[in-house]
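Here is the structure we will look at, set down as structure tokens.
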Amino acid sequence: MGLECDGVTADVIVVGAGLAGLSAARELEAAGLSCQVLEAQETPGGRVRSSVGENGRPMEDGAQFLNRDMSALVELVHEAGLELVAGGAEGETAGLGSRGFFEADTWLNELSDAWPGLVSSAGLRSGRPDRTVTELIRKVTGDPNGLALMQSSLCELLCHAPSELSAQAVLEIFARYDSQREDGEYQVAGSLDTLVACLAEGLSRAPRYDTAVTRVAEDEKGGFGVITPGGVHRAAGVILAVPPLAAREIELPQPLADELRPALESFVPGAMVKTTLVYRRAFWRQPSGWGRQAPLSEIVCLEPVGTTLMDTTKPGEESARLTLFTGGQRARDLALAGRAERRAYAIEMLAGIFGGDEAGQPLDFADAVWVQHPWCGGGYNAHVRFGGLPDAVERLRQVEGELQFACSEIAERFPGYMEGALGAGKSAAARLIRAL
Ligand SMILES: Cc1cc2nc3c(=O)[nH]c(=O)nc-3n(C[C@H](O)[C@H](O)[C@H](O)COP(=O)(O)OP(=O)(O)OC[C@H]3O[C@@H](n4cnc5c(N)ncnc54)[C@H](O)[C@@H]3O)c2cc1C
């Protein structure tokens, strides 16, 4: 490559200032390497983004929950001066179908209990052909209600129709959820922006924002030129800490580009709309038709598929919060509507479920659309489509040399979570340090 370097020079350039990129940069600096993070957006954090609602209450647009086994994240929470609080109010999970509420925890537990067996009988190393996630869960239950519940819950969790995703790739991800605890055990008192700032501001060189990388090329000295619209930056090593869907928009050097194309093209974008409504009181905890003593903390709707409602009230809050997670096709439809329409949709849905006027009088409202996000893909994280390479993640994880990948999707532990992103950044930094 004969382009002049008119940008920065560093030992390593990290592309992306999400948790994976920031954690990689911290690790590289700790090893004595100079490091420059380049970020396409105006701010760091990627899929961790704090905001405020229409009436000024703090909200989390992206990631929000964690559990105690997510040790790197818990450590960072404390380092940032934040405290863990309960993930939401305690209670049971209900399914909601055309005949009203039904107890759902039994079905959902049956599904999570089945994963380990399915990993060995149908997973990547089973030697069996791949199938769709829907075909897989038909092995768990033949009950139509149970199946519909599992489909809807997975559509929310995977942010995509389970009938279109690779079962082997999804099983591999679930097998790497290294905990018996719920993922929503805790949230933080305060906002997660503080945690992102703690990582970004701790770096010797401040990340460069509004700096989208379009191409990485090998230069004549055996290093890399990292090309952005504003200039060419040079480094001996590069970490692409961007999700697979963003990585495939970056032109890579040959032969790596050809080698990785089938893996990168195996991922499909997810779709998620996260909507939070704040109310004076939690009117959803004992709705009529919920014939059980224990209050409700979560509802999985069978229609629209991929819709889950969760009580996300923080302890000590004067008001109560309900978060509506809409994944898959319904999220894509909502993304096409304006915010006012989405607000009306959410309120109408709550009024339809719980009756009465309270649903129509939120104290605050926020929604975040993670559909075809130009830099983060869509949904919580990207998944492999059925027909793609079930081992696409492994192929990205096993790239050798001075150009490495890091993103939550390819984490060895807790892929798809903030903890996974931190771990993926750390592992990529370690691989790169060995290679340099
Ligand atoms: C709505 C939602 C809810 C979630 N809830 C939870 C939760 O409760 N708990 C949990 O643990 N996890 C949750 N997650 C998942 C979690 O947010 C992610 O797994 C994690 O933050 C991903 O971090 P990352 O660094 O791998 O990727 P990202 O956060 O996507 O960071 C990638 C960065 O790269 C930048 N970038 C992309 N392309 C380029 C380019 N060409 N040039 C320069 N920069 C580029 C992007 O702008 C972005 O800042 C949620 C995600 C979403 C969207």
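In the structure tokens, chains take the letters A, B, ... in the order shown, each chain's residues start at 1, and ligands count up from 1 in the order shown.
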At a cut-off of 7 Å, can you tabulate as JSON lines every residue of chain A near ligand 1 together with its closest atom pair and the distance in Å to one decimal, using only C-alpha atoms and all ligand atoms and ordering rows by chain then number?
```
{"residue": "A:Val15", "atom": "CA", "partner": "ligand 1", "partner_atom_place_in_ligand_line": "43 (C)", "distance": 5.0}
{"residue": "A:Gly16", "atom": "CA", "partner": "ligand 1", "partner_atom_place_in_ligand_line": "34 (O)", "distance": 3.3}
{"residue": "A:Ala17", "atom": "CA", "partner": "ligand 1", "partner_atom_place_in_ligand_line": "49 (O)", "distance": 4.7}
{"residue": "A:Gly18", "atom": "CA", "partner": "ligand 1", "partner_atom_place_in_ligand_line": "31 (O)", "distance": 3.4}
{"residue": "A:Leu19", "atom": "CA", "partner": "ligand 1", "partner_atom_place_in_ligand_line": "25 (O)", "distance": 4.0}
{"residue": "A:Ala20", "atom": "CA", "partner": "ligand 1", "partner_atom_place_in_ligand_line": "25 (O)", "distance": 3.7}
{"residue": "A:Gly21", "atom": "CA", "partner": "ligand 1", "partner_atom_place_in_ligand_line": "25 (O)", "distance": 5.6}
{"residue": "A:Leu38", "atom": "CA", "partner": "ligand 1", "partner_atom_place_in_ligand_line": "43 (C)", "distance": 5.4}
{"residue": "A:Glu39", "atom": "CA", "partner": "ligand 1", "partner_atom_place_in_ligand_line": "44 (N)", "distance": 3.8}
{"residue": "A:Ala40", "atom": "CA", "partner": "ligand 1", "partner_atom_place_in_ligand_line": "44 (N)", "distance": 3.9}
{"residue": "A:Gln41", "atom": "CA", "partner": "ligand 1", "partner_atom_place_in_ligand_line": "47 (O)", "distance": 5.0}
{"residue": "A:Pro44", "atom": "CA", "partner": "ligand 1", "partner_atom_place_in_ligand_line": "49 (O)", "distance": 5.6}
{"residue": "A:Gly45", "atom": "CA", "partner": "ligand 1", "partner_atom_place_in_ligand_line": "49 (O)", "distance": 5.4}
{"residue": "A:Gly46", "atom": "CA", "partner": "ligand 1", "partner_atom_place_in_ligand_line": "49 (O)", "distance": 3.3}
{"residue": "A:Arg47", "atom": "CA", "partner": "ligand 1", "partner_atom_place_in_ligand_line": "29 (O)", "distance": 3.8}
{"residue": "A:Val48", "atom": "CA", "partner": "ligand 1", "partner_atom_place_in_ligand_line": "17 (O)", "distance": 5.0}
{"residue": "A:Asp61", "atom": "CA", "partner": "ligand 1", "partner_atom_place_in_ligand_line": "1 (C)", "distance": 6.0}
{"residue": "A:Gly62", "atom": "CA", "partner": "ligand 1", "partner_atom_place_in_ligand_line": "2 (C)", "distance": 3.7}
{"residue": "A:Ala63", "atom": "CA", "partner": "ligand 1", "partner_atom_place_in_ligand_line": "5 (N)", "distance": 3.2}
{"residue": "A:Gln64", "atom": "CA", "partner": "ligand 1", "partner_atom_place_in_ligand_line": "8 (O)", "distance": 3.8}
{"residue": "A:Phe65", "atom": "CA", "partner": "ligand 1", "partner_atom_place_in_ligand_line": "8 (O)", "distance": 3.7}
{"residue": "A:Leu66", "atom": "CA", "partner": "ligand 1", "partner_atom_place_in_ligand_line": "9 (N)", "distance": 5.4}
{"residue": "A:Gly184", "atom": "CA", "partner": "ligand 1", "partner_atom_place_in_ligand_line": "8 (O)", "distance": 6.7}
{"residue": "A:Thr211", "atom": "CA", "partner": "ligand 1", "partner_atom_place_in_ligand_line": "43 (C)", "distance": 5.9}
{"residue": "A:Ala212", "atom": "CA", "partner": "ligand 1", "partner_atom_place_in_ligand_line": "42 (N)", "distance": 3.6}
{"residue": "A:Val213", "atom": "CA", "partner": "ligand 1", "partner_atom_place_in_ligand_line": "42 (N)", "distance": 3.9}
{"residue": "A:Thr214", "atom": "CA", "partner": "ligand 1", "partner_atom_place_in_ligand_line": "41 (N)", "distance": 5.6}
{"residue": "A:Ala241", "atom": "CA", "partner": "ligand 1", "partner_atom_place_in_ligand_line": "32 (C)", "distance": 5.9}
{"residue": "A:Val242", "atom": "CA", "partner": "ligand 1", "partner_atom_place_in_ligand_line": "32 (C)", "distance": 4.2}
{"residue": "A:Pro243", "atom": "CA", "partner": "ligand 1", "partner_atom_place_in_ligand_line": "27 (O)", "distance": 5.6}
{"residue": "A:Ala246", "atom": "CA", "partner": "ligand 1", "partner_atom_place_in_ligand_line": "38 (N)", "distance": 4.7}
{"residue": "A:Ala247", "atom": "CA", "partner": "ligand 1", "partner_atom_place_in_ligand_line": "38 (N)", "distance": 6.5}
{"residue": "A:Glu249", "atom": "CA", "partner": "ligand 1", "partner_atom_place_in_ligand_line": "41 (N)", "distance": 6.9}
{"residue": "A:Ile250", "atom": "CA", "partner": "ligand 1", "partner_atom_place_in_ligand_line": "41 (N)", "distance": 6.0}
{"residue": "A:Met272", "atom": "CA", "partner": "ligand 1", "partner_atom_place_in_ligand_line": "1 (C)", "distance": 6.3}
{"residue": "A:Val273", "atom": "CA", "partner": "ligand 1", "partner_atom_place_in_ligand_line": "1 (C)", "distance": 6.8}
{"residue": "A:Lys274", "atom": "CA", "partner": "ligand 1", "partner_atom_place_in_ligand_line": "1 (C)", "distance": 5.6}
{"residue": "A:Trp370", "atom": "CA", "partner": "ligand 1", "partner_atom_place_in_ligand_line": "53 (C)", "distance": 5.9}
{"residue": "A:Trp375", "atom": "CA", "partner": "ligand 1", "partner_atom_place_in_ligand_line": "37 (C)", "distance": 4.0}
{"residue": "A:Cys376", "atom": "CA", "partner": "ligand 1", "partner_atom_place_in_ligand_line": "30 (O)", "distance": 4.1}
{"residue": "A:Gly378", "atom": "CA", "partner": "ligand 1", "partner_atom_place_in_ligand_line": "53 (C)", "distance": 6.8}
{"residue": "A:Gly379", "atom": "CA", "partner": "ligand 1", "partner_atom_place_in_ligand_line": "53 (C)", "distance": 5.1}
{"residue": "A:Tyr380", "atom": "CA", "partner": "ligand 1", "partner_atom_place_in_ligand_line": "51 (C)", "distance": 3.7}
{"residue": "A:Asn381", "atom": "CA", "partner": "ligand 1", "partner_atom_place_in_ligand_line": "19 (O)", "distance": 6.0}
{"residue": "A:Ala406", "atom": "CA", "partner": "ligand 1", "partner_atom_place_in_ligand_line": "26 (O)", "distance": 6.7}
{"residue": "A:Cys407", "atom": "CA", "partner": "ligand 1", "partner_atom_place_in_ligand_line": "26 (O)", "distance": 3.3}
{"residue": "A:Ser408", "atom": "CA", "partner": "ligand 1", "partner_atom_place_in_ligand_line": "26 (O)", "distance": 3.7}
{"residue": "A:Glu409", "atom": "CA", "partner": "ligand 1", "partner_atom_place_in_ligand_line": "26 (O)", "distance": 6.5}
{"residue": "A:Pro415", "atom": "CA", "partner": "ligand 1", "partner_atom_place_in_ligand_line": "19 (O)", "distance": 6.9}
{"residue": "A:Gly416", "atom": "CA", "partner": "ligand 1", "partner_atom_place_in_ligand_line": "19 (O)", "distance": 4.2}
{"residue": "A:Tyr417", "atom": "CA", "partner": "ligand 1", "partner_atom_place_in_ligand_line": "11 (O)", "distance": 3.4}
{"residue": "A:Met418", "atom": "CA", "partner": "ligand 1", "partner_atom_place_in_ligand_line": "11 (O)", "distance": 3.8}
{"residue": "A:Glu419", "atom": "CA", "partner": "ligand 1", "partner_atom_place_in_ligand_line": "11 (O)", "distance": 5.9}
{"residue": "A:Gly420", "atom": "CA", "partner": "ligand 1", "partner_atom_place_in_ligand_line": "19 (O)", "distance": 6.5}
{"residue": "A:Ala421", "atom": "CA", "partner": "ligand 1", "partner_atom_place_in_ligand_line": "26 (O)", "distance": 4.5}
```
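The residue set within 7 Å of A:Thr9, counting only C-alpha atoms and dropping same-chain residues fewer than 4 places from it, reads His233, Arg234 and Ala235 of chain A.
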What does the file look like for those residues with N, CA and C atoms, as a compact mmCIF listing (two decimals), in the first residue's frame?
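Result saved to selection38.txt:
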```txt
# COMPACT_ATOMS: atom_id res chain seq x y z
N HIS A 233 -4.16 5.86 8.99
CA HIS A 233 -3.47 5.67 10.27
C HIS A 233 -2.62 4.41 10.16
N ARG A 234 -1.51 4.39 10.89
CA ARG A 234 -0.61 3.25 10.74
C ARG A 234 -0.36 2.55 12.07
N ALA A 235 -0.26 1.22 12.00
CA ALA A 235 0.01 0.44 13.21
C ALA A 235 0.61 -0.90 12.83
```
I need the residues of stretch 168-326 of chain A that end up classed as strand (DSSP E or B) by DSSP on the backbone, written out as a PyMOL selection string. chain A and resi 186-189+208+215-218+224-228+231-240+251+267-268+271-279+296-301+307-311+320-326
Pick out the closest residue to A:Ala257 from this set: A:Met150, A:Leu396, A:Ala169, A:Ala331. Count only C-alpha atoms.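 Closest candidate: A:Leu396.
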Quick check, in Å to one decimal: how far apart do atom CA of A:Leu82 and atom CA of A:Ala411 lie? 24.4 Å
Write out as a count of residues only the residues lying within 9 Å of stretch 121-124 of chain A, counting only C-alpha atoms and excluding same-chain residues fewer than 6 positions away. 11
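Residues in contact range of stretch 153-165 of chain A, defined as at most 6 Å between only C-alpha atoms, with sequence neighbours fewer than 2 positions away removed, read Thr132, Val133, Thr134, Met150, Gln151, Gly270, Ala271, Met272, Gly306, Gly327, Gly328, Gly379, Val384, Arg385 and Phe386 of chain A.
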Given the selection you just returned, output its residues as a file containing all heavy atoms, formatted as a short mmCIF file (atom, residue, chain, number, x, y, z; two decimals), in the first residue's frame.
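part16.cif was written with the following content:
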```cif
data_model
loop_
_atom_site.label_atom_id
_atom_site.label_comp_id
_atom_site.auth_asym_id
_atom_site.auth_seq_id
_atom_site.Cartn_x
_atom_site.Cartn_y
_atom_site.Cartn_z
N THR A 132 -32.77 -25.87 12.17
CA THR A 132 -33.14 -24.54 12.66
C THR A 132 -33.42 -24.61 14.16
O THR A 132 -33.67 -25.70 14.70
CB THR A 132 -34.40 -24.00 11.96
OG1 THR A 132 -35.51 -24.79 12.38
CG2 THR A 132 -34.27 -24.04 10.44
N VAL A 133 -33.42 -23.46 14.80
CA VAL A 133 -33.70 -23.42 16.24
C VAL A 133 -35.13 -23.93 16.50
O VAL A 133 -35.39 -24.63 17.48
CB VAL A 133 -33.49 -22.00 16.79
CG1 VAL A 133 -33.89 -21.90 18.25
CG2 VAL A 133 -32.03 -21.57 16.62
N THR A 134 -36.05 -23.61 15.61
CA THR A 134 -37.43 -24.09 15.80
C THR A 134 -37.49 -25.61 15.76
O THR A 134 -38.14 -26.24 16.61
CB THR A 134 -38.34 -23.50 14.70
OG1 THR A 134 -38.32 -22.09 14.83
CG2 THR A 134 -39.78 -23.98 14.83
N MET A 150 -42.00 -20.93 23.94
CA MET A 150 -40.54 -21.02 23.72
C MET A 150 -40.14 -20.24 22.47
O MET A 150 -39.13 -19.55 22.46
CB MET A 150 -40.12 -22.49 23.59
CG MET A 150 -40.26 -23.27 24.88
SD MET A 150 -39.88 -25.02 24.63
CE MET A 150 -40.45 -25.72 26.19
N GLN A 151 -40.95 -20.35 21.43
CA GLN A 151 -40.65 -19.63 20.18
C GLN A 151 -40.63 -18.12 20.42
O GLN A 151 -39.74 -17.42 19.96
CB GLN A 151 -41.76 -19.89 19.13
CG GLN A 151 -41.74 -21.24 18.54
CD GLN A 151 -41.02 -21.22 17.19
OE1 GLN A 151 -39.86 -20.80 17.11
NE2 GLN A 151 -41.68 -21.66 16.16
N GLY A 270 -30.00 -8.87 13.77
CA GLY A 270 -31.16 -9.03 14.63
C GLY A 270 -31.98 -7.75 14.60
O GLY A 270 -31.62 -6.78 13.92
N ALA A 271 -33.09 -7.74 15.31
CA ALA A 271 -33.93 -6.54 15.38
C ALA A 271 -34.53 -6.47 16.78
O ALA A 271 -35.10 -7.45 17.26
CB ALA A 271 -35.02 -6.61 14.33
N MET A 272 -34.38 -5.33 17.42
CA MET A 272 -34.91 -5.15 18.78
C MET A 272 -35.37 -3.72 18.98
O MET A 272 -34.67 -2.78 18.60
CB MET A 272 -33.79 -5.50 19.78
CG MET A 272 -33.98 -5.09 21.23
SD MET A 272 -35.48 -5.68 22.09
CE MET A 272 -35.50 -7.43 21.78
N GLY A 306 -42.13 -12.70 19.98
CA GLY A 306 -40.90 -11.94 20.27
C GLY A 306 -41.13 -10.78 21.22
O GLY A 306 -40.27 -9.92 21.36
N GLY A 327 -38.68 -8.16 19.76
CA GLY A 327 -37.62 -8.66 18.87
C GLY A 327 -38.20 -9.22 17.59
O GLY A 327 -39.39 -9.53 17.49
N GLY A 328 -37.34 -9.35 16.57
CA GLY A 328 -37.74 -10.01 15.32
C GLY A 328 -38.56 -9.12 14.41
O GLY A 328 -38.41 -7.90 14.39
N GLY A 379 -30.39 -5.68 17.11
CA GLY A 379 -30.68 -6.62 18.18
C GLY A 379 -29.60 -6.61 19.25
O GLY A 379 -28.70 -5.77 19.24
N VAL A 384 -26.08 -16.55 13.62
CA VAL A 384 -25.80 -17.21 12.34
C VAL A 384 -27.11 -17.73 11.76
O VAL A 384 -27.88 -18.41 12.45
CB VAL A 384 -24.79 -18.36 12.57
CG1 VAL A 384 -24.62 -19.19 11.30
CG2 VAL A 384 -23.45 -17.80 13.03
N ARG A 385 -27.34 -17.42 10.49
CA ARG A 385 -28.57 -17.89 9.85
C ARG A 385 -28.46 -19.39 9.56
O ARG A 385 -27.35 -19.91 9.39
CB ARG A 385 -28.82 -17.12 8.54
CG ARG A 385 -27.82 -17.40 7.48
CD ARG A 385 -28.01 -16.55 6.23
NE ARG A 385 -26.74 -16.40 5.57
CZ ARG A 385 -26.16 -17.32 4.80
NH1 ARG A 385 -26.78 -18.47 4.58
NH2 ARG A 385 -24.99 -17.12 4.26
N PHE A 386 -29.61 -20.06 9.49
CA PHE A 386 -29.61 -21.46 9.08
C PHE A 386 -29.14 -21.49 7.62
O PHE A 386 -29.64 -20.73 6.80
CB PHE A 386 -31.01 -22.06 9.22
CG PHE A 386 -31.07 -23.48 8.73
CD1 PHE A 386 -30.41 -24.48 9.41
CD2 PHE A 386 -31.76 -23.80 7.57
CE1 PHE A 386 -30.43 -25.79 8.95
CE2 PHE A 386 -31.80 -25.10 7.10
CZ PHE A 386 -31.13 -26.10 7.79
#
```
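Neighbouring residues of A:Glu110 at 12 Å or closer, counting only C-alpha atoms and skipping chain neighbours under 2 positions away, are Ala104, Asp105, Thr106, Trp107, Leu108, Ser112, Asp113, Ala114, Trp115, Pro116, Gly117, Ile137, Lys139, Val140, Thr141, Gly146, Leu147, Leu149 and Met150 of chain A.
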Go ahead and write the residues just picked, N, CA and C atoms, as a PDB file, in the first residue's frame.
```
ATOM      1  N   ALA A 104     -45.687 -19.723  33.142  1.00  0.00           N
ATOM      2  CA  ALA A 104     -44.716 -19.987  32.070  1.00  0.00           C
ATOM      3  C   ALA A 104     -43.378 -20.505  32.570  1.00  0.00           C
ATOM      4  N   ASP A 105     -43.094 -20.313  33.870  1.00  0.00           N
ATOM      5  CA  ASP A 105     -41.756 -20.683  34.358  1.00  0.00           C
ATOM      6  C   ASP A 105     -41.451 -22.163  34.116  1.00  0.00           C
ATOM      7  N   THR A 106     -42.478 -23.023  34.251  1.00  0.00           N
ATOM      8  CA  THR A 106     -42.240 -24.461  34.064  1.00  0.00           C
ATOM      9  C   THR A 106     -41.721 -24.736  32.650  1.00  0.00           C
ATOM     10  N   TRP A 107     -42.368 -24.113  31.652  1.00  0.00           N
ATOM     11  CA  TRP A 107     -41.931 -24.324  30.260  1.00  0.00           C
ATOM     12  C   TRP A 107     -40.535 -23.763  30.029  1.00  0.00           C
ATOM     13  N   LEU A 108     -40.308 -22.568  30.563  1.00  0.00           N
ATOM     14  CA  LEU A 108     -39.016 -21.923  30.294  1.00  0.00           C
ATOM     15  C   LEU A 108     -37.881 -22.670  30.998  1.00  0.00           C
ATOM     16  N   SER A 112     -34.511 -24.395  29.393  1.00  0.00           N
ATOM     17  CA  SER A 112     -33.098 -24.191  29.780  1.00  0.00           C
ATOM     18  C   SER A 112     -32.473 -25.486  30.299  1.00  0.00           C
ATOM     19  N   ASP A 113     -33.291 -26.359  30.925  1.00  0.00           N
ATOM     20  CA  ASP A 113     -32.742 -27.650  31.376  1.00  0.00           C
ATOM     21  C   ASP A 113     -32.349 -28.528  30.189  1.00  0.00           C
ATOM     22  N   ALA A 114     -33.019 -28.312  29.059  1.00  0.00           N
ATOM     23  CA  ALA A 114     -32.762 -29.177  27.891  1.00  0.00           C
ATOM     24  C   ALA A 114     -31.485 -28.801  27.144  1.00  0.00           C
ATOM     25  N   TRP A 115     -31.018 -27.534  27.295  1.00  0.00           N
ATOM     26  CA  TRP A 115     -29.879 -27.082  26.470  1.00  0.00           C
ATOM     27  C   TRP A 115     -28.651 -27.990  26.568  1.00  0.00           C
ATOM     28  N   PRO A 116     -28.184 -28.345  27.790  1.00  0.00           N
ATOM     29  CA  PRO A 116     -26.940 -29.137  27.838  1.00  0.00           C
ATOM     30  C   PRO A 116     -27.044 -30.439  27.037  1.00  0.00           C
ATOM     31  N   GLY A 117     -28.181 -31.133  27.154  1.00  0.00           N
ATOM     32  CA  GLY A 117     -28.365 -32.383  26.403  1.00  0.00           C
ATOM     33  C   GLY A 117     -28.367 -32.121  24.904  1.00  0.00           C
ATOM     34  N   ILE A 137     -36.258 -26.938  19.101  1.00  0.00           N
ATOM     35  CA  ILE A 137     -37.108 -26.879  20.302  1.00  0.00           C
ATOM     36  C   ILE A 137     -38.324 -27.798  20.180  1.00  0.00           C
ATOM     37  N   LYS A 139     -37.949 -30.716  19.749  1.00  0.00           N
ATOM     38  CA  LYS A 139     -37.484 -31.898  20.485  1.00  0.00           C
ATOM     39  C   LYS A 139     -37.743 -31.748  21.982  1.00  0.00           C
ATOM     40  N   VAL A 140     -37.934 -30.492  22.422  1.00  0.00           N
ATOM     41  CA  VAL A 140     -38.105 -30.248  23.861  1.00  0.00           C
ATOM     42  C   VAL A 140     -39.558 -30.480  24.268  1.00  0.00           C
ATOM     43  N   THR A 141     -40.482 -30.036  23.433  1.00  0.00           N
ATOM     44  CA  THR A 141     -41.895 -30.238  23.773  1.00  0.00           C
ATOM     45  C   THR A 141     -42.748 -30.374  22.513  1.00  0.00           C
ATOM     46  N   GLY A 146     -46.673 -24.678  24.917  1.00  0.00           N
ATOM     47  CA  GLY A 146     -45.276 -24.638  25.361  1.00  0.00           C
ATOM     48  C   GLY A 146     -44.370 -24.231  24.210  1.00  0.00           C
ATOM     49  N   LEU A 147     -44.642 -24.791  23.047  1.00  0.00           N
ATOM     50  CA  LEU A 147     -43.824 -24.496  21.867  1.00  0.00           C
ATOM     51  C   LEU A 147     -43.954 -23.019  21.474  1.00  0.00           C
ATOM     52  N   LEU A 149     -44.737 -20.569  23.386  1.00  0.00           N
ATOM     53  CA  LEU A 149     -44.072 -19.758  24.412  1.00  0.00           C
ATOM     54  C   LEU A 149     -42.559 -19.739  24.182  1.00  0.00           C
ATOM     55  N   MET A 150     -41.997 -20.926  23.939  1.00  0.00           N
ATOM     56  CA  MET A 150     -40.543 -21.018  23.725  1.00  0.00           C
ATOM     57  C   MET A 150     -40.141 -20.239  22.474  1.00  0.00           C
TER      58      MET A 150
END
```
Atomic separation - atom CA of A:Ala294 relative to atom CA of A:Val188, Å: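 Taking atom CA of A:Val188 and atom CA of A:Ala294, their separation equals 25.3 Å.
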List every residue of stretch 273-341 of chain A that DSSP, applied to the backbone, labels as helix (DSSP H, G or I), and write the result as a PyMOL selection string. chain A and resi 329-336+339-341
Mind checking which residues fall within 12 Å of A:Asp11, counting only C-alpha atoms, ignoring those fewer than 2 positions away in the same chain, and posting them as a list in words?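 My list of contacting residues is Val8, Thr9, Ile13, Val14, Ala25, Leu28, Glu29, Ala31, Gly32, Leu33, Ser34, Cys35, Gln36, Val37, Gly223, Phe224, Gly225, His233, Arg234, Ala235, Ala236, Gly237, Val238, Ile239, Glu402, Ala429, Leu432, Ile433 and Leu436 of chain A.
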Please report the interatomic distance between atom CA of A:Ala89 and atom CA of A:Tyr345 in Å with one decimal.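 Atom CA of A:Tyr345 lies at a distance of 24.2 Å from atom CA of A:Ala89.
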Residue neighbourhood stretch 74-79 of chain A, 12 Å, only C-alpha atoms, exclusion window fewer than 3 positions, as an MDAnalysis selection string: chainID A and resid 19 23 64:71 82:85 185:199 202 418:419 422
